[in-house]
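What's in protein_1.tsv: TSV, C-alpha atoms
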chain	number	residue	atom	x	y	z
A	25	MET	CA	-47.69	-4.95	23.19
A	26	SER	CA	-49.58	-1.68	23.31
A	27	ILE	CA	-48.09	1.08	21.22
A	28	THR	CA	-48.38	4.51	22.80
A	29	ARG	CA	-45.85	6.22	20.61
A	30	ARG	CA	-46.20	6.11	16.87
A	31	ILE	CA	-43.33	6.11	14.43
A	32	PHE	CA	-43.94	6.82	10.81
A	33	LEU	CA	-42.14	7.87	7.65
A	34	ARG	CA	-43.27	10.84	5.65
A	35	ASN	CA	-41.51	12.04	2.51
A	36	GLY	CA	-38.39	10.09	3.41
A	37	ALA	CA	-37.92	11.73	6.83
A	38	LEU	CA	-38.46	10.04	10.17
A	39	ALA	CA	-41.07	11.72	12.33
A	40	VAL	CA	-41.91	10.87	15.92
A	41	VAL	CA	-45.15	11.57	17.78
A	42	GLY	CA	-45.75	11.01	21.49
A	43	THR	CA	-43.76	10.92	24.66
A	44	THR	CA	-43.10	7.35	25.76
A	45	ALA	CA	-39.89	5.41	25.29
A	46	LEU	CA	-38.64	4.36	21.87
A	47	PRO	CA	-36.07	1.71	20.97
A	48	GLY	CA	-32.59	3.23	21.28
A	49	PHE	CA	-31.51	3.43	17.67
A	50	LEU	CA	-34.89	4.78	16.51
A	51	THR	CA	-34.62	7.58	19.09
A	52	ARG	CA	-31.20	8.47	17.70
A	53	ALA	CA	-32.59	8.30	14.17
A	54	ALA	CA	-35.34	10.75	15.08
A	55	LEU	CA	-32.84	13.13	16.63
A	56	GLY	CA	-30.61	12.79	13.59
A	57	ALA	CA	-33.49	13.72	11.33
A	58	ALA	CA	-34.00	16.91	13.34
A	59	ASP	CA	-30.32	17.67	13.80
A	60	PRO	CA	-28.17	17.17	10.68
A	61	GLY	CA	-25.06	17.46	12.84
A	62	ALA	CA	-26.00	14.21	14.58
A	63	ARG	CA	-26.03	12.18	11.39
A	64	SER	CA	-23.54	9.37	11.00
A	65	LYS	CA	-21.00	9.20	8.21
A	66	ARG	CA	-21.77	6.56	5.58
A	67	LEU	CA	-19.62	4.55	3.21
A	68	VAL	CA	-21.15	2.86	0.16
A	69	VAL	CA	-19.01	0.36	-1.74
A	70	ILE	CA	-19.97	-0.65	-5.28
A	71	PHE	CA	-18.39	-3.65	-6.98
A	72	GLN	CA	-18.29	-3.93	-10.78
A	73	ARG	CA	-18.22	-7.71	-11.11
A	74	GLY	CA	-16.63	-9.16	-14.22
A	75	ALA	CA	-13.54	-6.98	-14.57
A	76	ALA	CA	-14.50	-3.63	-16.04
A	77	ASP	CA	-12.45	-2.14	-18.87
A	78	GLY	CA	-11.00	0.92	-17.16
A	79	LEU	CA	-9.28	2.07	-20.34
A	80	ASN	CA	-12.62	2.51	-22.10
A	81	ILE	CA	-14.27	3.96	-19.00
A	82	VAL	CA	-11.80	6.73	-18.21
A	83	VAL	CA	-10.07	7.05	-21.55
A	84	PRO	CA	-6.44	8.23	-21.89
A	85	HIS	CA	-7.38	10.02	-25.09
A	86	ALA	CA	-4.04	11.90	-25.27
A	87	GLU	CA	-2.10	8.63	-25.24
A	88	PRO	CA	-1.31	7.58	-28.87
A	89	SER	CA	-0.72	3.96	-27.86
A	90	TYR	CA	-4.32	3.66	-26.68
A	91	TYR	CA	-5.64	4.17	-30.20
A	92	ALA	CA	-2.95	2.04	-31.80
A	93	MET	CA	-3.79	-0.93	-29.58
A	94	ARG	CA	-7.56	-0.64	-29.94
A	95	PRO	CA	-8.31	0.00	-33.60
A	96	THR	CA	-12.00	-1.06	-33.49
A	97	ILE	CA	-13.13	-0.56	-29.89
A	98	ASN	CA	-11.43	2.71	-28.91
A	99	ILE	CA	-13.47	5.73	-27.89
A	100	PRO	CA	-12.81	8.40	-30.55
A	101	ARG	CA	-11.39	11.63	-29.20
A	102	LYS	CA	-14.31	13.56	-30.62
A	103	SER	CA	-16.68	11.45	-28.50
A	104	VAL	CA	-14.73	11.46	-25.25
A	105	LEU	CA	-16.06	13.70	-22.47
A	106	ASP	CA	-12.80	15.47	-21.72
A	107	LEU	CA	-11.82	15.88	-18.08
A	108	ASP	CA	-8.35	17.39	-17.98
A	109	GLY	CA	-6.90	17.32	-21.49
A	110	PHE	CA	-5.47	13.83	-21.06
A	111	PHE	CA	-8.28	11.72	-19.59
A	112	GLY	CA	-11.94	11.70	-20.50
A	113	LEU	CA	-15.11	9.80	-19.70
A	114	HIS	CA	-16.88	7.37	-21.99
A	115	PRO	CA	-19.79	9.29	-23.58
A	116	ALA	CA	-22.33	6.96	-21.94
A	117	MET	CA	-21.27	8.48	-18.61
A	118	ALA	CA	-22.53	11.99	-19.29
A	119	SER	CA	-24.39	11.94	-15.96
A	120	PHE	CA	-21.00	11.94	-14.20
A	121	GLU	CA	-19.93	15.23	-15.80
A	122	PRO	CA	-21.84	17.47	-13.37
A	123	LEU	CA	-20.42	15.53	-10.41
A	124	TRP	CA	-16.91	16.06	-11.77
A	125	LYS	CA	-17.45	19.77	-12.41
A	126	GLN	CA	-18.94	20.23	-8.94
A	127	LYS	CA	-15.78	18.52	-7.59
A	128	HIS	CA	-17.73	15.80	-5.83
A	129	LEU	CA	-16.23	13.07	-8.05
A	130	ALA	CA	-12.60	11.94	-8.00
A	131	ILE	CA	-10.95	9.26	-10.14
A	132	VAL	CA	-8.04	6.98	-9.33
A	133	HIS	CA	-6.55	5.42	-12.46
A	134	ALA	CA	-4.08	2.52	-12.71
A	135	ALA	CA	-5.45	1.23	-9.40
A	136	GLY	CA	-5.95	-2.38	-8.41
A	137	SER	CA	-4.70	-5.42	-6.60
A	138	PRO	CA	-1.01	-6.33	-6.62
A	139	ASP	CA	-1.93	-10.02	-6.90
A	140	PRO	CA	-1.32	-11.32	-10.44
A	141	THR	CA	-4.33	-13.64	-10.65
A	142	ARG	CA	-6.58	-13.42	-13.67
A	143	SER	CA	-9.28	-15.52	-12.03
A	144	HIS	CA	-12.52	-13.65	-11.45
A	145	PHE	CA	-13.33	-15.70	-8.36
A	146	ASP	CA	-9.93	-15.34	-6.69
A	147	ALA	CA	-9.53	-11.66	-7.55
A	148	GLN	CA	-12.98	-10.75	-6.26
A	149	ASP	CA	-12.35	-12.73	-3.10
A	150	PHE	CA	-9.04	-10.94	-2.52
A	151	MET	CA	-10.56	-7.50	-3.01
A	152	GLU	CA	-13.51	-8.26	-0.74
A	153	SER	CA	-11.34	-9.80	1.97
A	154	GLY	CA	-8.78	-7.01	1.59
A	155	THR	CA	-5.94	-9.54	1.64
A	156	PRO	CA	-4.60	-10.08	-1.91
A	157	GLY	CA	-3.01	-13.50	-2.38
A	158	VAL	CA	-4.34	-14.84	0.95
A	159	LYS	CA	-7.17	-17.35	0.58
A	160	VAL	CA	-7.63	-18.20	4.26
A	161	THR	CA	-9.02	-14.83	5.41
A	162	ASP	CA	-12.44	-15.58	6.86
A	163	ASP	CA	-13.99	-12.12	6.92
A	164	GLY	CA	-14.34	-9.05	4.72
A	165	TRP	CA	-12.54	-5.72	5.06
A	166	LEU	CA	-15.78	-3.73	5.19
A	167	ASN	CA	-16.93	-5.79	8.15
A	168	ARG	CA	-13.58	-5.32	9.89
A	169	ALA	CA	-13.75	-1.58	9.24
A	170	LEU	CA	-16.81	-1.40	11.51
A	171	ARG	CA	-15.08	-2.69	14.63
A	172	GLU	CA	-13.62	0.57	15.88
A	173	LEU	CA	-16.47	2.82	14.77
A	174	PRO	CA	-19.18	4.28	17.02
A	175	GLY	CA	-21.75	1.55	17.49
A	176	SER	CA	-19.26	-1.30	17.16
A	177	SER	CA	-19.40	-4.42	19.29
A	178	ALA	CA	-16.78	-3.01	21.61
A	179	GLY	CA	-18.37	0.40	21.92
A	180	ALA	CA	-22.12	0.00	22.17
A	181	SER	CA	-24.73	-2.15	23.79
A	182	ALA	CA	-26.95	-4.39	21.72
A	183	LYS	CA	-30.02	-2.25	22.27
A	184	ASP	CA	-28.26	0.77	20.79
A	185	LYS	CA	-27.43	-0.91	17.50
A	186	SER	CA	-29.36	-0.61	14.30
A	187	ALA	CA	-29.69	-3.80	12.30
A	188	PHE	CA	-29.42	-1.58	9.22
A	189	ARG	CA	-25.95	-0.45	10.24
A	190	ALA	CA	-24.22	-2.73	7.70
A	191	ILE	CA	-26.34	-3.69	4.73
A	192	ALA	CA	-25.88	-5.38	1.38
A	193	LEU	CA	-28.33	-4.87	-1.45
A	194	GLY	CA	-28.78	-8.39	-2.79
A	195	PRO	CA	-30.11	-11.87	-2.04
A	196	SER	CA	-27.24	-12.97	0.20
A	197	LEU	CA	-24.52	-11.47	2.35
A	198	PRO	CA	-21.37	-10.87	0.25
A	199	ARG	CA	-17.84	-11.76	1.22
A	200	ILE	CA	-16.95	-8.13	1.94
A	201	LEU	CA	-19.48	-7.91	4.82
A	202	SER	CA	-18.95	-11.34	6.35
A	203	GLY	CA	-17.45	-11.32	9.82
A	204	LYS	CA	-18.09	-10.63	13.48
A	205	GLU	CA	-20.04	-7.42	13.04
A	206	PRO	CA	-23.78	-7.96	12.36
A	207	ALA	CA	-24.79	-7.30	8.76
A	208	VAL	CA	-27.88	-8.06	6.70
A	209	ALA	CA	-28.74	-8.60	3.05
A	210	VAL	CA	-31.80	-6.92	1.55
A	211	ASN	CA	-32.86	-8.09	-1.87
A	212	ASN	CA	-36.10	-6.13	-2.06
A	213	LEU	CA	-37.70	-3.91	0.56
A	214	ASN	CA	-41.11	-4.81	-0.82
A	215	ASP	CA	-40.54	-8.47	0.05
A	216	PHE	CA	-39.56	-7.87	3.66
A	217	SER	CA	-41.63	-9.93	6.08
A	218	VAL	CA	-41.86	-8.80	9.69
A	219	GLY	CA	-44.85	-10.44	11.32
A	220	GLY	CA	-43.48	-13.90	11.98
A	221	LYS	CA	-46.49	-15.44	10.24
A	222	ASN	CA	-45.09	-15.79	6.77
A	223	PRO	CA	-45.37	-19.51	5.90
A	224	ASN	CA	-42.38	-19.17	3.59
A	225	ALA	CA	-40.17	-17.45	6.18
A	226	ALA	CA	-37.94	-20.44	6.79
A	227	ALA	CA	-37.22	-20.83	3.10
A	228	ASN	CA	-36.94	-17.15	2.27
A	229	ALA	CA	-33.36	-15.94	2.76
A	230	ASN	CA	-34.57	-12.36	2.30
A	231	THR	CA	-36.89	-12.52	5.30
A	232	PHE	CA	-35.76	-10.65	8.36
A	233	GLU	CA	-37.02	-13.40	10.66
A	234	ALA	CA	-34.97	-15.93	8.72
A	235	MET	CA	-31.87	-13.78	8.99
A	236	TYR	CA	-32.21	-13.62	12.74
A	237	ASP	CA	-33.15	-17.28	13.15
A	238	HIS	CA	-30.02	-18.35	11.33
A	239	SER	CA	-27.70	-15.88	13.03
A	240	VAL	CA	-25.25	-17.20	15.59
A	241	ASP	CA	-24.42	-13.70	16.75
A	242	THR	CA	-26.12	-12.98	20.06
A	243	VAL	CA	-25.77	-9.26	19.51
A	244	LEU	CA	-27.74	-9.50	16.31
A	245	HIS	CA	-30.48	-11.43	18.12
A	246	GLY	CA	-30.45	-8.79	20.80
A	247	THR	CA	-31.74	-6.12	18.41
A	248	GLY	CA	-34.42	-8.32	16.91
A	249	GLN	CA	-37.54	-6.65	18.31
A	250	GLU	CA	-36.23	-3.18	17.54
A	251	THR	CA	-35.37	-4.32	14.05
A	252	PHE	CA	-38.88	-5.59	13.46
A	253	ASP	CA	-40.25	-2.29	14.74
A	254	ALA	CA	-37.98	-0.46	12.32
A	255	VAL	CA	-39.02	-2.62	9.39
A	256	LYS	CA	-42.67	-2.10	10.23
A	257	SER	CA	-42.05	1.63	10.21
A	258	LEU	CA	-40.26	1.35	6.90
A	259	LYS	CA	-43.03	-0.70	5.34
A	260	ALA	CA	-45.54	1.89	6.52
A	261	ALA	CA	-43.84	4.22	4.07
A	262	ASP	CA	-44.92	1.85	1.28
A	263	PRO	CA	-41.56	1.17	-0.42
A	264	ALA	CA	-43.25	0.15	-3.66
A	265	HIS	CA	-44.47	3.71	-4.07
A	266	TYR	CA	-41.37	5.52	-2.88
A	267	THR	CA	-40.88	8.79	-4.73
A	268	PRO	CA	-37.23	9.80	-5.26
A	269	ALA	CA	-36.18	13.41	-5.07
A	270	ALA	CA	-36.75	15.64	-8.05
A	271	ASN	CA	-34.36	14.91	-10.94
A	272	ALA	CA	-33.27	11.60	-9.41
A	273	HIS	CA	-34.01	9.33	-12.36
A	274	TYR	CA	-33.03	5.74	-11.63
A	275	PRO	CA	-32.68	3.41	-14.62
A	276	LYS	CA	-34.87	0.33	-14.57
A	277	GLY	CA	-33.09	-2.82	-13.50
A	278	ARG	CA	-31.47	-4.50	-10.50
A	279	PHE	CA	-28.67	-2.00	-9.89
A	280	GLY	CA	-30.85	1.09	-10.13
A	281	ASP	CA	-33.44	-0.53	-7.87
A	282	SER	CA	-30.75	-1.42	-5.34
A	283	LEU	CA	-29.47	2.14	-5.08
A	284	LYS	CA	-32.99	3.54	-4.95
A	285	GLN	CA	-33.79	1.27	-2.02
A	286	LEU	CA	-30.53	2.19	-0.33
A	287	ALA	CA	-31.39	5.87	-0.70
A	288	GLN	CA	-34.74	5.20	0.91
A	289	LEU	CA	-33.12	3.45	3.88
A	290	ILE	CA	-30.60	6.27	4.33
A	291	LYS	CA	-33.25	8.97	4.08
A	292	ALA	CA	-35.35	7.11	6.64
A	293	ASN	CA	-32.40	7.63	9.02
A	294	LEU	CA	-32.36	4.03	10.20
A	295	GLY	CA	-28.67	3.99	11.07
A	296	VAL	CA	-26.96	2.87	7.85
A	297	GLN	CA	-23.19	3.24	8.22
A	298	VAL	CA	-21.81	0.98	5.52
A	299	ALA	CA	-23.56	-0.46	2.49
A	300	PHE	CA	-22.62	-2.65	-0.45
A	301	ALA	CA	-24.10	-3.12	-3.91
A	302	ASP	CA	-22.79	-4.74	-7.06
A	303	ILE	CA	-23.39	-4.65	-10.79
A	304	GLY	CA	-22.37	-7.36	-13.26
A	305	GLY	CA	-21.99	-7.46	-17.02
A	306	TRP	CA	-18.38	-6.27	-17.44
A	307	ASP	CA	-16.67	-9.38	-18.88
A	308	HIS	CA	-16.43	-8.33	-22.53
A	309	HIS	CA	-14.27	-10.85	-24.33
A	310	VAL	CA	-16.34	-10.54	-27.50
A	311	ASN	CA	-17.85	-7.47	-29.18
A	312	GLU	CA	-17.20	-5.06	-26.34
A	313	GLY	CA	-18.30	-2.12	-28.39
A	314	SER	CA	-17.17	1.46	-28.40
A	315	THR	CA	-19.48	4.45	-28.01
A	316	GLN	CA	-22.33	1.99	-28.43
A	317	GLY	CA	-22.70	-1.68	-27.60
A	318	GLN	CA	-22.14	-3.78	-24.49
A	319	ILE	CA	-19.84	-1.51	-22.54
A	320	ALA	CA	-21.85	1.59	-23.37
A	321	ASN	CA	-25.03	-0.08	-22.13
A	322	VAL	CA	-23.64	-1.19	-18.78
A	323	LEU	CA	-21.82	2.13	-18.28
A	324	GLY	CA	-25.08	3.99	-18.80
A	325	ASP	CA	-26.78	1.85	-16.16
A	326	PHE	CA	-23.84	2.20	-13.80
A	327	SER	CA	-23.34	5.97	-14.03
A	328	GLN	CA	-27.01	6.94	-14.22
A	329	SER	CA	-27.86	4.83	-11.18
A	330	ILE	CA	-25.07	6.35	-9.10
A	331	SER	CA	-25.93	9.87	-10.26
A	332	ALA	CA	-29.59	9.34	-9.38
A	333	PHE	CA	-28.57	8.01	-5.96
A	334	TRP	CA	-26.43	11.09	-5.34
A	335	THR	CA	-29.23	13.42	-6.41
A	336	ASP	CA	-31.75	11.50	-4.32
A	337	LEU	CA	-29.66	11.86	-1.16
A	338	GLY	CA	-29.69	15.63	-1.39
A	339	ASP	CA	-27.98	17.18	1.66
A	340	LEU	CA	-27.29	13.69	3.03
A	341	GLY	CA	-24.66	13.36	0.32
A	342	GLU	CA	-22.44	15.60	2.41
A	343	ASP	CA	-22.21	12.73	4.91
A	344	THR	CA	-21.76	9.99	2.32
A	345	VAL	CA	-18.81	8.58	0.38
A	346	VAL	CA	-19.23	6.14	-2.51
A	347	VAL	CA	-16.28	4.05	-3.73
A	348	THR	CA	-16.33	1.80	-6.80
A	349	MET	CA	-14.04	-1.13	-7.53
A	350	SER	CA	-13.62	-4.08	-9.91
A	351	GLU	CA	-11.50	-7.21	-9.55
A	352	PHE	CA	-9.06	-6.27	-12.33
A	353	GLY	CA	-8.98	-4.43	-15.62
A	354	ARG	CA	-8.70	-5.60	-19.22
A	355	THR	CA	-5.84	-6.06	-21.63
A	356	ALA	CA	-4.47	-2.90	-23.21
A	357	ARG	CA	-4.87	-4.42	-26.67
A	358	GLU	CA	-8.17	-5.56	-28.06
A	359	ASN	CA	-8.35	-9.25	-28.99
A	360	GLY	CA	-9.34	-10.92	-32.26
A	361	ASN	CA	-13.01	-10.90	-31.24
A	362	ARG	CA	-13.22	-7.13	-30.84
A	363	GLY	CA	-13.19	-7.54	-27.10
A	364	THR	CA	-10.64	-7.49	-24.29
A	365	ASP	CA	-9.28	-10.23	-22.07
A	366	HIS	CA	-8.44	-10.31	-18.37
A	367	GLY	CA	-5.91	-7.65	-17.44
A	368	HIS	CA	-4.47	-5.96	-14.38
A	369	ALA	CA	-4.91	-2.29	-13.36
A	370	ASN	CA	-8.25	-0.54	-13.47
A	371	VAL	CA	-10.04	2.65	-12.46
A	372	MET	CA	-11.82	3.53	-9.21
A	373	PHE	CA	-14.36	6.31	-8.65
A	374	VAL	CA	-14.70	8.12	-5.32
A	375	LEU	CA	-17.79	10.29	-4.86
A	376	GLY	CA	-18.97	12.25	-1.86
A	377	GLY	CA	-19.34	15.42	0.12
A	378	PRO	CA	-15.82	15.42	1.60
A	379	VAL	CA	-14.16	14.23	-1.63
A	380	LYS	CA	-11.72	16.58	-3.33
A	381	GLY	CA	-13.04	15.85	-6.78
A	382	GLY	CA	-12.44	17.18	-10.24
A	383	LYS	CA	-9.08	15.42	-10.37
A	384	VAL	CA	-7.59	12.14	-11.61
A	385	TYR	CA	-5.37	10.75	-8.85
A	386	GLY	CA	-2.56	8.21	-8.98
A	387	ARG	CA	0.53	7.86	-11.16
A	388	TRP	CA	-0.19	7.08	-14.79
A	389	PRO	CA	2.27	4.37	-15.94
A	390	GLY	CA	1.63	4.81	-19.65
A	391	LEU	CA	0.77	2.31	-22.36
A	392	ASP	CA	4.12	2.04	-24.12
A	393	GLN	CA	5.14	-1.58	-24.53
A	394	SER	CA	7.97	-1.24	-22.02
A	395	HIS	CA	5.56	0.03	-19.37
A	396	LEU	CA	2.91	-2.66	-19.66
A	397	TYR	CA	2.50	-5.25	-16.93
A	398	GLU	CA	3.66	-8.62	-18.31
A	399	GLY	CA	3.79	-6.94	-21.70
A	400	ARG	CA	0.01	-6.78	-22.02
A	401	ASP	CA	-1.75	-4.82	-19.26
A	402	LEU	CA	-1.96	-1.42	-17.68
A	403	ALA	CA	0.31	-1.61	-14.61
A	404	VAL	CA	-0.98	-1.08	-11.06
A	405	THR	CA	0.59	2.03	-9.52
A	406	THR	CA	-1.96	2.53	-6.71
A	407	ASP	CA	-2.90	-0.39	-4.49
A	408	PHE	CA	-6.68	-0.42	-4.07
A	409	ARG	CA	-6.17	-0.78	-0.32
A	410	LEU	CA	-4.49	2.63	-0.21
A	411	VAL	CA	-7.65	4.27	-1.52
A	412	LEU	CA	-9.86	2.32	0.85
A	413	SER	CA	-7.54	2.92	3.80
A	414	GLU	CA	-7.78	6.66	3.36
A	415	VAL	CA	-11.57	6.49	3.39
A	416	VAL	CA	-11.61	4.15	6.40
A	417	GLU	CA	-9.17	6.22	8.46
A	418	ARG	CA	-9.70	9.81	7.42
A	419	TYR	CA	-13.44	9.63	6.79
A	420	LEU	CA	-14.90	6.86	8.96
A	421	GLY	CA	-12.34	7.44	11.70
A	422	ASN	CA	-11.06	3.88	12.12
A	423	LYS	CA	-7.32	4.21	12.58
A	424	ASP	CA	-6.69	0.50	13.15
A	425	LEU	CA	-5.70	-0.13	9.54
A	426	LYS	CA	-3.56	-3.13	10.44
A	427	THR	CA	-6.75	-4.93	11.44
A	428	VAL	CA	-8.80	-3.73	8.50
A	429	PHE	CA	-6.07	-4.55	5.95
A	430	PRO	CA	-3.71	-7.07	7.59
A	431	GLY	CA	-0.38	-7.48	5.86
A	432	PHE	CA	-0.60	-4.13	4.06
A	433	GLU	CA	2.19	-1.75	5.00
A	434	ASN	CA	0.03	1.32	4.97
A	435	GLN	CA	1.29	4.74	5.97
A	436	PRO	CA	-1.08	7.72	6.21
A	437	GLY	CA	1.64	9.82	4.65
A	438	GLN	CA	1.19	7.81	1.45
A	439	PHE	CA	-2.49	8.67	1.11
A	440	LEU	CA	-3.56	10.28	-2.15
A	441	LYS	CA	-5.33	13.04	-0.19
A	442	LEU	CA	-8.65	12.38	-1.83
A	443	LEU	CA	-10.57	13.79	1.11
A	444	ALA	CA	-10.88	17.29	2.48

Give the structure from this file in structure tokens form.
Amino acid sequence: MSITRRIFLRNGALAVVGTTALPGFLTRAALGAADPGARSKRLVVIFQRGAADGLNIVVPHAEPSYYAMRPTINIPRKSVLDLDGFFGLHPAMASFEPLWKQKHLAIVHAAGSPDPTRSHFDAQDFMESGTPGVKVTDDGWLNRALRELPGSSAGASAKDKSAFRAIALGPSLPRILSGKEPAVAVNNLNDFSVGGKNPNAAANANTFEAMYDHSVDTVLHGTGQETFDAVKSLKAADPAHYTPAANAHYPKGRFGDSLKQLAQLIKANLGVQVAFADIGGWDHHVNEGSTQGQIANVLGDFSQSISAFWTDLGDLGEDTVVVTMSEFGRTARENGNRGTDHGHANVMFVLGGPVKGGKVYGRWPGLDQSHLYEGRDLAVTTDFRLVLSEVVERYLGNKDLKTVFPGFENQPGQFLKLLA
């Protein structure tokens, strides 16, 4: 195939030279790069796998019971990064302070799933499927959320779809993105193969050709050639030598690399609408630590990576919302091993251009013994689906919440009003 129109990436922006026809979604990407008003809205979901300790992440430092129940692993009031006189951030999350003060970052405390399970596997499955307590759901809520959006199966032809529309940063497609809408997993942009001559293609789950070969979705196959063209364009930018925006300092490691690669894909304007990334290391039954130690280390990685991603996006952050979630929280009391066991309610972060930040949302149930769930855990007062529903309906524009979250009696009037 002769190429009479060249597509290339320069400094993270898509540029187009020539006059002949381009694949549909690349034409729209080029127009979007020139016209910010044409850019799509994006939702990024981040999962903290292992059950993060929300009480040591967003600390209720004005609650006396918190200190009484955690004599060795509490975050001292002098070390807490105060937010509103009652709650404060763990000191390892200093990079979140500017986001809070700029009112881009909102917090929902005492949030979580109403299902009582303390099984990591079941709880993660329920939160990714969006159907707590139902094990037979065969797709993920983030995949279902795509169905009524511009570019969905019902609303666009195959040639107009970007294969980067729904993307997971990791070696395999997660539960949350499984379903009828095409989605891909990207473990490492540098390992992408596009030529069809890679001898390891059949065995490499990260290879684009392999993803398409194993897909049973005819729509996904229908965008194959355009996808390969897009990947070739992306690789021409030399992902290994991608330079983030000034002051976007990603920590070394899997999570930071994932968000850096996601930022590159978004800045290349290749049609990303929803994306998923996860970070493990939150299951601290033993020696959780306080201002230093295990939780401080993973919180530093978590917050610095997200802050770098936000900085890297620049103006594109105005069209992006990031939501974090974890399968459940930890016990209110520390255990005999200076750690915490599987609990119930947790904390969610919501970051983005349209977010009404600088506020802790949700009803705080308190840590008095009479208020604890099953006498041991922070109680759930905000169903995680309520937070996600507001983002899906009010931000992405999908009003079919009964399909996205079946069985959840969701009323827009109940929304927390997180978004402007």

Distance cut-off 7 Å, centre (-26.5, 3.1, 10.5) in file coordinates, counting only C-alpha atoms: which residues qualify? Return them as a ChimeraX atom specification.
/A:64,186,188-190,294-297

Counting only C-alpha atoms, what is within 9 Å of Val298 in chain A, bar same-chain residues fewer than 3 positions away, as an MDAnalysis selection string?
chainID A and resid 65:69 166:167 170 188:192

Residue nearest Ser103 in chain A - candidates A:Gln328, A:Ser413, A:Asn422, A:Gln316, atoms counted: all atoms listed in the file:
A:Gln316

Around (-20.6, 14.3, -11.6) in the file's own coordinates, what residues are found within 12 Å if you use only C-alpha atoms, given back as a CSV table (one decimal) with C-alpha atoms, in the coordinates of the input?
chain,number,residue,atom,x,y,z
A,105,LEU,CA,-16.1,13.7,-22.5
A,107,LEU,CA,-11.8,15.9,-18.1
A,113,LEU,CA,-15.1,9.8,-19.7
A,117,MET,CA,-21.3,8.5,-18.6
A,118,ALA,CA,-22.5,12.0,-19.3
A,119,SER,CA,-24.4,11.9,-16.0
A,120,PHE,CA,-21.0,11.9,-14.2
A,121,GLU,CA,-19.9,15.2,-15.8
A,122,PRO,CA,-21.8,17.5,-13.4
A,123,LEU,CA,-20.4,15.5,-10.4
A,124,TRP,CA,-16.9,16.1,-11.8
A,125,LYS,CA,-17.4,19.8,-12.4
A,126,GLN,CA,-18.9,20.2,-8.9
A,127,LYS,CA,-15.8,18.5,-7.6
A,128,HIS,CA,-17.7,15.8,-5.8
A,129,LEU,CA,-16.2,13.1,-8.0
A,130,ALA,CA,-12.6,11.9,-8.0
A,131,ILE,CA,-11.0,9.3,-10.1
A,327,SER,CA,-23.3,6.0,-14.0
A,328,GLN,CA,-27.0,6.9,-14.2
A,329,SER,CA,-27.9,4.8,-11.2
A,330,ILE,CA,-25.1,6.4,-9.1
A,331,SER,CA,-25.9,9.9,-10.3
A,332,ALA,CA,-29.6,9.3,-9.4
A,333,PHE,CA,-28.6,8.0,-6.0
A,334,TRP,CA,-26.4,11.1,-5.3
A,335,THR,CA,-29.2,13.4,-6.4
A,373,PHE,CA,-14.4,6.3,-8.6
A,374,VAL,CA,-14.7,8.1,-5.3
A,375,LEU,CA,-17.8,10.3,-4.9
A,376,GLY,CA,-19.0,12.2,-1.9
A,377,GLY,CA,-19.3,15.4,0.1
A,379,VAL,CA,-14.2,14.2,-1.6
A,381,GLY,CA,-13.0,15.8,-6.8
A,382,GLY,CA,-12.4,17.2,-10.2
A,383,LYS,CA,-9.1,15.4,-10.4

Could you give me, as a list in words, the residues within 10 Å of Val83 in chain A, counting only C-alpha atoms and dropping anything in the same chain fewer than 4 positions from it?
Asp77, Gly78, Leu79, Glu87, Tyr90, Asn98, Ile99, Pro100, Arg101, Val104, Leu105, Asp106, Leu107, Phe110, Phe111, Gly112, Leu113, His114 and His133 of chain A

Put those residues in a file: C-alpha atoms, as a short mmCIF file (atom, residue, chain, number, x, y, z; two decimals), in the coordinates of the input.
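Written out: result-v5.cif:
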data_model
loop_
_atom_site.label_atom_id
_atom_site.label_comp_id
_atom_site.auth_asym_id
_atom_site.auth_seq_id
_atom_site.Cartn_x
_atom_site.Cartn_y
_atom_site.Cartn_z
CA ASP A 77 -12.45 -2.14 -18.87
CA GLY A 78 -11.00 0.92 -17.16
CA LEU A 79 -9.28 2.07 -20.34
CA GLU A 87 -2.10 8.63 -25.24
CA TYR A 90 -4.32 3.66 -26.68
CA ASN A 98 -11.43 2.71 -28.91
CA ILE A 99 -13.47 5.73 -27.89
CA PRO A 100 -12.81 8.40 -30.55
CA ARG A 101 -11.39 11.63 -29.20
CA VAL A 104 -14.73 11.46 -25.25
CA LEU A 105 -16.06 13.70 -22.47
CA ASP A 106 -12.80 15.47 -21.72
CA LEU A 107 -11.82 15.88 -18.08
CA PHE A 110 -5.47 13.83 -21.06
CA PHE A 111 -8.28 11.72 -19.59
CA GLY A 112 -11.94 11.70 -20.50
CA LEU A 113 -15.11 9.80 -19.70
CA HIS A 114 -16.88 7.37 -21.99
CA HIS A 133 -6.55 5.42 -12.46
#

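From CA of Pro263 in chain A back to CA of Gly338 in chain A, the distance works out to 18.7 Å.
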
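CA of Ala369 in chain A sits 10.6 Å away from CA of Trp388 in chain A.
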
Would you compute the distance between CA of Lys284 in chain A and CA of Ser350 in chain A? Give it in Å to one decimal.
21.4 Å
